[in-house]
$ cat structure29.txt   # compact mmCIF, C-alpha atoms
# COMPACT_ATOMS: atom_id res chain seq x y z
CA MET A 45 90.57 19.63 96.44
CA ALA A 46 88.55 21.68 98.92
CA ARG A 47 86.81 19.62 101.54
CA SER A 48 83.07 19.74 102.05
CA PRO A 49 82.04 21.82 105.07
CA ARG A 50 81.07 19.89 108.17
CA LYS A 51 77.41 19.68 109.01
CA LEU A 52 76.41 21.95 111.87
CA PRO A 53 74.87 19.96 114.75
CA TRP A 54 71.17 20.64 115.31
CA LEU A 55 70.10 20.27 118.94
CA ALA A 56 66.74 19.15 120.25
CA GLU A 57 65.47 20.90 123.39
CA GLY A 58 67.36 19.50 126.37
CA GLU A 59 70.09 17.91 124.26
CA PRO A 60 73.61 18.71 125.55
CA LEU A 61 75.87 21.02 123.60
CA PRO A 62 78.84 19.57 121.71
CA PRO A 63 82.31 20.44 123.08
CA ALA A 64 83.55 23.94 122.29
CA GLU A 65 86.54 22.41 120.51
CA THR A 66 84.17 21.08 117.81
CA ALA A 67 83.20 24.60 116.68
CA TRP A 68 83.47 25.37 113.00
CA GLY A 69 86.95 26.54 112.06
CA PRO A 70 88.58 28.61 109.32
CA GLY A 71 87.61 26.16 106.57
CA ASP A 72 83.92 26.15 107.49
CA PRO A 73 81.20 28.64 106.46
CA VAL A 74 80.98 30.46 109.82
CA PRO A 75 84.03 29.96 112.07
CA GLY A 76 83.25 29.81 115.78
CA VAL A 77 79.72 28.42 115.69
CA VAL A 78 79.28 25.21 117.69
CA ALA A 79 75.65 24.20 117.12
CA ALA A 80 72.13 25.42 116.37
CA GLY A 81 68.82 24.82 118.10
CA GLY A 82 68.26 23.69 121.66
CA ALA A 83 66.80 25.95 124.32
CA LEU A 84 67.66 29.08 126.30
CA ASP A 85 66.68 27.68 129.69
CA VAL A 86 68.85 28.22 132.76
CA PRO A 87 70.42 24.71 132.85
CA THR A 88 71.44 24.97 129.18
CA LEU A 89 72.90 28.45 129.63
CA LEU A 90 74.87 27.39 132.70
CA ASP A 91 76.21 24.35 130.85
CA ALA A 92 77.13 26.51 127.87
CA TYR A 93 78.99 29.20 129.81
CA SER A 94 80.81 26.69 131.97
CA HIS A 95 82.22 25.20 128.75
CA GLY A 96 83.11 28.47 127.03
CA ILE A 97 80.03 28.64 124.78
CA PHE A 98 77.47 31.46 124.48
CA PRO A 99 74.28 32.09 122.44
CA TRP A 100 74.22 34.78 119.77
CA PHE A 101 71.70 35.00 116.93
CA GLY A 102 69.57 37.46 115.04
CA ASP A 103 65.92 37.81 114.22
CA ASP A 104 64.58 35.01 111.98
CA GLN A 105 67.52 32.77 112.95
CA PRO A 106 67.57 29.68 115.14
CA ILE A 107 69.47 29.76 118.42
CA LEU A 108 73.16 29.70 117.51
CA TRP A 109 75.86 28.67 119.99
CA TRP A 110 79.39 30.08 119.68
CA SER A 111 82.92 29.53 120.93
CA PRO A 112 85.31 31.66 118.85
CA ASP A 113 89.00 30.92 118.62
CA PRO A 114 90.76 33.08 119.64
CA ARG A 115 88.69 34.63 122.42
CA MET A 116 88.87 38.30 123.44
CA VAL A 117 89.56 38.58 127.18
CA LEU A 118 90.22 41.50 129.50
CA ARG A 119 92.47 40.89 132.46
CA PRO A 120 91.45 43.38 135.18
CA ALA A 121 95.14 43.78 136.02
CA ALA A 122 95.80 44.89 132.42
CA PHE A 123 92.92 47.39 132.22
CA ARG A 124 94.11 50.65 130.68
CA LEU A 125 92.65 53.60 132.53
CA HIS A 126 93.13 56.44 130.06
CA ARG A 127 93.63 59.94 131.39
CA SER A 128 90.21 61.24 130.35
CA LEU A 129 88.38 58.34 132.01
CA ARG A 130 90.54 58.67 135.12
CA LYS A 131 89.40 62.30 135.46
CA THR A 132 85.79 61.24 134.92
CA LEU A 133 86.05 58.56 137.63
CA GLN A 134 87.68 60.96 140.06
CA SER A 135 84.85 63.44 139.55
CA PHE A 136 82.24 60.67 139.83
CA ARG A 137 83.75 59.42 143.07
CA GLN A 138 83.93 62.91 144.57
CA GLN A 139 80.20 63.47 143.95
CA ALA A 140 78.95 60.55 146.02
CA SER A 141 75.77 62.39 146.96
CA ARG A 142 74.58 62.32 143.34
CA CYS A 143 76.72 59.65 141.66
CA GLU A 144 76.81 55.97 142.59
CA ILE A 145 77.35 52.47 141.29
CA ARG A 146 74.60 49.94 141.93
CA PHE A 147 74.69 46.22 141.24
CA ASP A 148 71.48 44.42 140.24
CA HIS A 149 69.22 47.35 141.13
CA ASP A 150 67.21 47.15 137.87
CA PHE A 151 68.50 44.27 135.75
CA ALA A 152 65.36 44.22 133.58
CA GLU A 153 65.77 47.87 132.63
CA VAL A 154 69.47 47.37 131.90
CA ILE A 155 69.00 44.48 129.48
CA ALA A 156 66.07 46.25 127.80
CA ALA A 157 68.19 49.38 127.33
CA CYS A 158 71.08 47.30 125.97
CA ALA A 159 68.68 45.81 123.43
CA GLU A 160 67.63 49.30 122.31
CA ALA A 161 71.13 50.78 122.14
CA PRO A 162 72.36 51.41 118.56
CA ARG A 163 75.38 49.37 117.43
CA ALA A 164 77.87 50.49 114.81
CA GLY A 165 77.39 48.52 111.62
CA GLN A 166 74.25 46.74 112.87
CA SER A 167 70.69 47.40 111.78
CA GLY A 168 69.09 45.47 114.64
CA THR A 169 69.85 43.79 117.94
CA TRP A 170 70.83 40.28 118.98
CA ILE A 171 69.24 40.86 122.41
CA LEU A 172 65.85 39.66 121.20
CA PRO A 173 62.85 39.29 123.53
CA GLU A 174 63.59 35.58 124.06
CA MET A 175 67.19 36.44 124.98
CA GLN A 176 65.99 39.07 127.46
CA GLN A 177 63.67 36.56 129.11
CA ALA A 178 66.42 33.96 129.23
CA TYR A 179 68.88 36.28 130.97
CA LEU A 180 66.21 37.57 133.32
CA ALA A 181 65.74 33.95 134.40
CA LEU A 182 69.52 33.58 134.71
CA HIS A 183 69.55 36.75 136.85
CA ARG A 184 66.83 35.37 139.12
CA ALA A 185 68.96 32.22 139.46
CA GLY A 186 71.86 34.39 140.69
CA HIS A 187 74.14 34.07 137.67
CA ALA A 188 73.52 37.26 135.65
CA HIS A 189 74.28 40.70 137.07
CA SER A 190 73.99 44.34 136.11
CA VAL A 191 76.59 46.99 136.92
CA GLU A 192 74.76 50.32 136.88
CA THR A 193 75.87 53.95 136.79
CA TRP A 194 73.36 56.20 138.57
CA ILE A 195 73.53 60.00 138.35
CA ASP A 196 71.03 62.31 140.03
CA GLY A 197 68.74 59.39 140.76
CA GLU A 198 68.60 58.23 137.12
CA LEU A 199 70.08 55.20 135.40
CA ALA A 200 72.72 56.81 133.17
CA GLY A 201 74.34 53.68 131.75
CA ALA A 202 75.21 50.11 132.62
CA LEU A 203 76.43 46.72 131.52
CA TYR A 204 75.32 43.21 132.28
CA CYS A 205 77.38 40.05 132.63
CA VAL A 206 77.22 36.39 133.58
CA ALA A 207 79.16 35.02 136.54
CA LEU A 208 79.97 31.43 137.46
CA GLY A 209 82.12 31.30 140.57
CA ARG A 210 85.05 33.59 139.71
CA ALA A 211 84.47 33.35 135.96
CA VAL A 212 82.94 36.56 134.56
CA PHE A 213 81.51 36.93 131.05
CA GLY A 214 80.75 40.42 129.75
CA GLU A 215 77.64 40.66 127.57
CA SER A 216 76.51 44.16 126.57
CA MET A 217 76.36 47.78 127.73
CA PHE A 218 74.58 51.06 127.03
CA ALA A 219 74.94 54.73 127.93
CA ARG A 220 72.42 57.54 128.24
CA ARG A 221 75.07 60.00 129.42
CA THR A 222 78.64 60.49 128.25
CA ASP A 223 81.02 57.83 129.61
CA ALA A 224 78.31 56.21 131.78
CA SER A 225 78.95 52.73 130.34
CA LYS A 226 82.72 53.24 130.69
CA ILE A 227 82.20 54.11 134.36
CA ALA A 228 80.24 50.87 134.78
CA LEU A 229 83.03 48.88 133.11
CA ALA A 230 85.62 50.53 135.35
CA ALA A 231 83.49 49.62 138.37
CA LEU A 232 83.37 45.99 137.21
CA VAL A 233 87.16 46.00 136.79
CA ALA A 234 87.61 47.47 140.28
CA PHE A 235 85.24 44.85 141.71
CA CYS A 236 87.13 42.06 139.93
CA ARG A 237 90.50 43.31 141.15
CA HIS A 238 89.24 43.48 144.72
CA HIS A 239 87.88 39.91 144.55
CA ASP A 240 90.86 38.48 142.63
CA VAL A 241 88.83 37.71 139.50
CA GLN A 242 91.52 37.12 136.89
CA ALA A 243 89.67 37.66 133.61
CA ILE A 244 86.54 39.11 132.03
CA ASP A 245 85.36 37.40 128.84
CA CYS A 246 84.70 39.89 126.04
CA GLN A 247 83.84 37.28 123.37
CA GLN A 248 84.79 39.12 120.15
CA ASN A 249 87.77 41.30 119.23
CA THR A 250 87.09 45.01 118.74
CA ALA A 251 89.46 47.95 118.53
CA HIS A 252 87.71 49.56 121.52
CA LEU A 253 88.29 46.53 123.73
CA GLY A 254 91.90 46.36 122.60
CA SER A 255 92.40 50.01 123.56
CA LEU A 256 91.25 49.13 127.09
CA GLY A 257 93.81 46.35 127.44
CA ALA A 258 91.87 43.30 126.27
CA SER A 259 93.76 40.70 124.26
CA GLU A 260 93.08 37.49 122.37
CA TRP A 261 93.49 34.12 124.09
CA PRO A 262 93.64 30.78 122.31
CA ARG A 263 90.40 28.90 122.94
CA ALA A 264 92.24 26.11 124.79
CA GLU A 265 93.73 28.61 127.25
CA PHE A 266 90.36 30.28 127.75
CA LEU A 267 88.61 26.95 128.39
CA THR A 268 91.21 25.99 130.99
CA HIS A 269 90.67 29.32 132.73
CA ILE A 270 86.88 28.89 132.76
CA ASP A 271 87.12 25.35 134.08
CA ASN A 272 89.26 26.52 136.98
CA ALA A 273 87.66 29.90 137.71
CA SER A 274 84.05 28.67 137.64
CA ARG A 275 84.83 26.28 140.52
CA GLU A 276 86.89 28.68 142.64
CA ALA A 277 85.65 29.70 146.07
CA PRO A 278 84.64 31.81 147.82
CA ILE A 279 82.19 33.22 145.29
CA PRO A 280 82.23 37.05 145.32
CA SER A 281 79.21 38.82 146.76
CA TRP A 282 77.80 40.92 143.94
CA ARG A 283 77.58 44.31 145.59
CA PHE A 284 79.67 47.43 145.07
CA ASP A 285 81.52 49.19 147.87
CA PRO A 286 83.01 52.62 147.03
CA ILE A 287 86.27 51.43 148.57
CA TYR A 288 86.70 49.30 145.44
CA TRP A 289 87.60 52.48 143.55
CA ASN A 290 90.93 52.30 145.40
CA GLN A 291 91.84 49.53 142.94
CA LEU A 292 91.92 52.15 140.16
CA LEU A 293 92.30 55.51 141.87
CA PRO A 294 94.39 56.85 144.73
CA ALA A 295 92.60 56.62 148.06
CA PRO A 296 90.97 59.95 149.00
CA GLN A 297 92.90 61.93 151.56
$ encode --input "structure29.txt" --output "structure tokens"
Amino acid sequence: MARSPRKLPWLAEGEPLPPAETAWGPGDPVPGVVAAGGALDVPTLLDAYSHGIFPWFGDDQPILWWSPDPRMVLRPAAFRLHRSLRKTLQSFRQQASRCEIRFDHDFAEVIAACAEAPRAGQSGTWILPEMQQAYLALHRAGHAHSVETWIDGELAGALYCVALGRAVFGESMFARRTDASKIALAALVAFCRHHDVQAIDCQQNTAHLGSLGASEWPRAEFLTHIDNASREAPIPSWRFDPIYWNQLLPAPQ
């Protein structure tokens, strides 16, 4: 006889999140969801990310907290730099007078552009105004960062992420020019390699992420990584030095 689905915990504002291991599983209505409700303030977000949980919800839904099992993760060391992107990066690097990577130059514009970017199979966005305000606050607190591709003085594409110590959580990206978001991702990978960041959380499995070298980790393995990496020191300084490209490309002669 099929069991009745477990009741999803409903959180009051300020109430702590349940452990990630209590997330709904394969026999429940929506596998991976941990709880609903609560708040998107900085302390709650920091607590969530430090325990492998993130918010994700649509319009007309309550705040939903997730910890999928397995978890899609990109090891910077396993990043697949395909030939076409390698050529793009080489050209980008050689045109330093008009092409550059900037960190945290315009986080507000980056997250707004990510919210506007069309998504395959989606009619709307999960980066709702309240999510934008929450991550802007997290950015001001020093825990959310943008990796930006600038070409000819214009923001061509970018991604934003959350960072706790040496734990990095990718969130979303956008592109206004061909490959601009891929350049930003490559810059993040180069930065992570330089600073010995071992993994970038990608949350959900997609064919695109898999083609770049990301793979699924059991939740237990991911949580152990986050527990260790979030407390590792020294914490990387979030700035980009062009020498970081040497992690992906041969050093210029």
$ residues_near_point --input "structure29.txt" --point "(68.2, 41.5, 120.4)" --cutoff "9 Å" --atoms "all atoms listed in the file" --output "MDAnalysis selection string"
chainID A and resid 101:103 158:160 168:176
$ axis_aligned_box --input "structure29.txt" --around "stretch 112-128 of chain A" --padding-each-side "5 Å" --output "AutoDock Vina command-line options"
--center_x 90.6 --center_y 46.1 --center_z 127.3 --size_x 20.5 --size_y 40.3 --size_z 27.4
$ atom_distance --input "structure29.txt" --atom1 "atom CA of A:Cys236" --atom2 "atom CA of A:His183"
18.6 Å
$ atom_distance --input "structure29.txt" --atom1 "atom CA of A:Gly76" --atom2 "atom CA of A:Phe151"
28.7 Å
$ atom_distance --input "structure29.txt" --atom1 "atom CA of A:Leu61" --atom2 "atom CA of A:Tyr93"
10.7 Å
$ closest_residue --input "structure29.txt" --among "A:Ala188, A:Ala157, A:Leu256, A:Ala122" --to "A:Leu90" --atoms "all atoms listed in the file"
A:Ala188
$ residues_near_point --input "structure29.txt" --point "(79.7, 50.8, 128.8)" --cutoff "10 Å" --atoms "all atoms listed in the file" --output "PyMOL selection string"
chain A and resi 158+191-193+201-204+216-220+222-230
$ closest_residue --input "structure29.txt" --among "A:Leu55, A:Cys205, A:Leu199, A:Val117" --to "A:Gly186" --atoms "all atoms listed in the file"
A:Cys205
$ residues_around --input "structure29.txt" --residues "A:Ala251" --least-positions-apart "6" --cutoff "12 Å" --atoms "only C-alpha atoms" --output "list in words"
Met116, Gly257, Ala258, Ser259 and Glu260 of chain A
$ closest_residue --input "structure29.txt" --among "A:Val86, A:Ser141, A:Pro114, A:Asp91" --to "A:Ala185" --atoms "all atoms listed in the file"
A:Val86
$ closest_residue --input "structure29.txt" --among "A:Trp194, A:Trp100, A:Phe213, A:Phe123" --to "A:Arg142" --atoms "only C-alpha atoms"
A:Trp194
$ residues_around --input "structure29.txt" --residues "A:Asn290" --least-positions-apart "6" --cutoff "10 Å" --atoms "all atoms listed in the file" --output "compact mmCIF listing (two decimals) with C-alpha atoms, in the coordinates of the input"
# COMPACT_ATOMS: atom_id res chain seq x y z
CA ALA A 234 87.61 47.47 140.28
CA ARG A 237 90.50 43.31 141.15
CA HIS A 238 89.24 43.48 144.72
CA PRO A 296 90.97 59.95 149.00
$ closest_residue --input "structure29.txt" --among "A:Ala277, A:Trp68, A:Arg115, A:Ala92" --to "A:Glu265" --atoms "only C-alpha atoms"
A:Arg115
$ residues_around --input "structure29.txt" --residues "A:Leu89" --least-positions-apart "6" --cutoff "9 Å" --atoms "only C-alpha atoms" --output "JSON, numbers by chain"
{"A": [83, 97, 98, 99, 178, 179, 182]}
$ residues_around --input "structure29.txt" --residues "stretch 51-53 of chain A" --least-positions-apart "5" --cutoff "8 Å" --atoms "all atoms listed in the file" --output "list in words"
Trp68, Val78, Ala79 and Ala80 of chain A
